[in-house]
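As stored in start00.cif (mmCIF, C-alpha atoms):
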data_model
#
loop_
_atom_site.label_atom_id
_atom_site.label_comp_id
_atom_site.auth_asym_id
_atom_site.auth_seq_id
_atom_site.Cartn_x
_atom_site.Cartn_y
_atom_site.Cartn_z
CA MET A 1 -24.44 135.01 31.55
CA LEU A 2 -26.63 131.95 31.87
CA THR A 3 -24.80 129.33 33.92
CA ARG A 4 -26.99 126.24 34.07
CA ILE A 5 -30.40 124.71 33.61
CA ASP A 6 -31.81 125.63 37.01
CA HIS A 7 -34.98 123.57 36.67
CA ILE A 8 -37.63 122.18 34.40
CA GLY A 9 -41.15 123.01 35.55
CA ILE A 10 -43.72 120.24 35.21
CA ALA A 11 -47.41 121.00 35.68
CA CYS A 12 -49.46 118.28 37.36
CA PHE A 13 -52.97 117.72 38.70
CA ASP A 14 -51.89 115.81 41.83
CA LEU A 15 -48.59 116.87 43.37
CA ASP A 16 -48.37 114.00 45.85
CA ALA A 17 -48.96 111.34 43.18
CA THR A 18 -46.47 112.99 40.84
CA VAL A 19 -43.81 113.22 43.57
CA GLU A 20 -44.35 109.54 44.31
CA PHE A 21 -43.91 108.66 40.62
CA TYR A 22 -40.53 110.46 40.45
CA ARG A 23 -39.46 108.91 43.77
CA ALA A 24 -40.46 105.35 42.81
CA THR A 25 -39.31 105.52 39.19
CA TYR A 26 -36.08 107.55 39.38
CA GLY A 27 -35.23 107.72 43.07
CA PHE A 28 -35.58 111.53 43.20
CA GLU A 29 -36.41 112.98 46.61
CA VAL A 30 -38.09 116.25 47.52
CA PHE A 31 -35.45 118.85 48.38
CA HIS A 32 -37.91 121.66 49.09
CA SER A 33 -41.66 122.19 49.04
CA GLU A 34 -43.80 125.28 49.45
CA VAL A 35 -47.03 127.01 48.52
CA ASN A 36 -46.56 130.16 46.43
CA GLU A 37 -49.76 132.13 47.03
CA GLU A 38 -48.83 134.84 44.53
CA GLN A 39 -48.52 132.31 41.70
CA GLY A 40 -51.33 130.07 42.99
CA VAL A 41 -49.28 126.86 43.12
CA ARG A 42 -48.13 124.18 45.51
CA GLU A 43 -44.75 122.93 44.44
CA ALA A 44 -42.02 120.42 45.13
CA MET A 45 -38.41 120.83 44.03
CA LEU A 46 -36.65 117.52 43.35
CA LYS A 47 -32.89 117.97 43.28
CA ILE A 48 -31.21 116.21 40.39
CA ASN A 49 -27.59 117.28 40.87
CA ASP A 50 -25.23 120.02 42.01
CA THR A 51 -23.66 122.24 39.36
CA SER A 52 -20.15 123.63 38.93
CA ASP A 53 -21.31 127.21 39.66
CA GLY A 54 -22.45 126.30 43.17
CA GLY A 55 -26.10 125.94 42.18
CA ALA A 56 -28.13 122.87 41.41
CA SER A 57 -30.53 121.47 38.83
CA TYR A 58 -34.07 120.48 39.82
CA LEU A 59 -37.39 119.24 38.58
CA GLN A 60 -40.09 121.62 39.80
CA LEU A 61 -43.48 119.94 40.13
CA LEU A 62 -46.37 122.42 40.12
CA GLU A 63 -49.97 121.81 41.22
CA PRO A 64 -52.40 124.75 41.03
CA THR A 65 -54.09 125.86 44.25
CA ARG A 66 -56.75 127.93 42.50
CA GLU A 67 -58.51 127.83 39.14
CA ASP A 68 -57.38 131.30 38.04
CA SER A 69 -53.65 130.56 38.37
CA THR A 70 -51.48 130.46 35.27
CA VAL A 71 -50.64 126.80 35.90
CA ALA A 72 -54.33 125.84 36.25
CA LYS A 73 -55.14 127.55 32.95
CA TRP A 74 -52.17 125.86 31.29
CA LEU A 75 -53.24 122.43 32.61
CA ALA A 76 -56.80 122.97 31.34
CA LYS A 77 -55.47 123.71 27.87
CA ASN A 78 -52.52 121.29 27.64
CA GLY A 79 -52.83 118.63 30.33
CA GLU A 80 -49.92 117.49 32.46
CA GLY A 81 -46.39 117.92 31.21
CA VAL A 82 -43.45 120.24 30.77
CA HIS A 83 -44.56 123.79 31.56
CA HIS A 84 -41.28 125.75 31.32
CA ILE A 85 -37.50 125.63 31.40
CA ALA A 86 -35.51 127.84 33.75
CA PHE A 87 -31.95 129.01 33.30
CA GLY A 88 -29.80 130.09 36.24
CA THR A 89 -27.94 133.38 36.23
CA ALA A 90 -26.00 135.35 38.83
CA ASP A 91 -27.97 138.53 37.99
CA VAL A 92 -31.56 138.10 36.79
CA ASP A 93 -31.98 141.88 36.39
CA ALA A 94 -28.99 142.30 34.08
CA GLU A 95 -29.73 139.12 32.15
CA ALA A 96 -33.37 140.10 31.57
CA ALA A 97 -32.34 143.60 30.45
CA GLY A 98 -29.80 142.18 28.01
CA ILE A 99 -32.27 139.70 26.54
CA LYS A 100 -34.95 142.39 26.32
CA GLY A 101 -32.44 144.51 24.41
CA ARG A 102 -32.26 141.71 21.84
CA GLY A 103 -36.01 141.97 21.20
CA VAL A 104 -37.37 139.27 23.51
CA ARG A 105 -40.36 140.26 25.64
CA VAL A 106 -39.80 139.98 29.40
CA LEU A 107 -43.08 139.27 31.19
CA TYR A 108 -42.38 141.05 34.51
CA GLU A 109 -41.21 144.66 34.81
CA GLU A 110 -39.31 143.70 37.96
CA PRO A 111 -38.25 140.18 38.97
CA ARG A 112 -40.53 138.45 41.48
CA ARG A 113 -40.01 136.01 44.33
CA GLY A 114 -39.66 132.44 43.15
CA SER A 115 -39.03 129.08 44.79
CA MET A 116 -36.69 128.89 47.75
CA GLY A 117 -36.31 132.69 47.92
CA SER A 118 -35.03 133.04 44.37
CA ARG A 119 -35.62 136.05 42.10
CA ILE A 120 -37.30 135.22 38.79
CA THR A 121 -38.74 136.56 35.58
CA PHE A 122 -40.18 134.92 32.49
CA LEU A 123 -39.62 135.41 28.76
CA HIS A 124 -42.54 135.32 26.35
CA PRO A 125 -42.87 131.86 24.75
CA LYS A 126 -43.72 133.35 21.34
CA ASP A 127 -40.29 135.00 21.33
CA CYS A 128 -38.55 131.77 22.48
CA HIS A 129 -39.76 129.32 19.81
CA GLY A 130 -42.80 128.24 21.84
CA VAL A 131 -40.96 127.63 25.12
CA LEU A 132 -41.93 129.54 28.27
CA THR A 133 -38.50 130.43 29.64
CA GLU A 134 -37.67 131.51 33.17
CA LEU A 135 -34.55 133.30 34.39
CA VAL A 136 -33.55 132.55 38.00
CA THR A 137 -31.10 134.00 40.47
CA SER A 138 -31.00 131.48 43.30
CA ALA A 139 -30.81 132.39 46.96
CA PRO A 140 -28.54 130.31 49.18
CA VAL A 141 -30.77 127.57 50.61
CA GLU A 142 -30.81 124.56 52.83
CA PRO A 143 -33.29 121.71 52.32
CA SER A 144 -36.59 122.31 54.08
CA GLU A 145 -38.43 119.88 56.30
CA HIS A 146 -41.30 118.23 54.46
#

Please render this file's structure as structure tokens.
Amino acid sequence: MLTRIDHIGIACFDLDATVEFYRATYGFEVFHSEVNEEQGVREAMLKINDTSDGGASYLQLLEPTREDSTVAKWLAKNGEGVHHIAFGTADVDAEAAGIKGRGVRVLYEEPRRGSMGSRITFLHPKDCHGVLTELVTSAPVEPSEH
């Protein structure tokens, strides 16, 4: 079962400038930041609110660290903006299998490591009305130093 909107991923050219925009405009602060070498991105998670299932909802700001990353290619084609939406689930494996059984293509055979130690997979945007969709099982986390 999907339990919440875990995050909305926003691709950007300059992570620091984009973080500053969300801080100055909306008062959002960075909850966690990291570099994900596998995905070729530097990211900042801005916590929006806690959720009733013990999770939270975030904005995930993504800046590519290399030209061959998926986010860099997406930025070259589309420019800055909403990259994907992620739904939280207690069991990403079971949720992905169930959705795959309904005819939606799952992009990873096995879930991968995501932000803050989460487990993630993506659903093909052509099967989701043009929206790149991520499924996330969060790991218990504390805010990182940044």

Taking into account all atoms listed in the file, which residue in the set A:Ser115, A:Ala90, A:Arg105, A:Ala139 is nearest to Asp53 in chain A?
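Ranked by minimum distance to Asp53 in chain A, first place goes to A:Ala90.
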
What does the distance between CA of Gly114 in chain A and CA of Asn36 in chain A come to in Å, to one decimal place?
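A separation of 8.0 Å between them.
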
Just how far from CA of Ile48 in chain A is CA of Asp127 in chain A, in Å to one decimal?
28.3 Å

Spatial neighbours of Val19 in chain A, 12 Å, all atoms listed in the file, chain gap at least 3 places, as a ChimeraX atom specification
/A:10-16,22-33,42-47,59-63

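Among the candidates A:Thr133, A:Thr89, A:Thr65, A:Ser52, the one nearest to Ile8 in chain A when counting all atoms listed in the file is A:Thr133.
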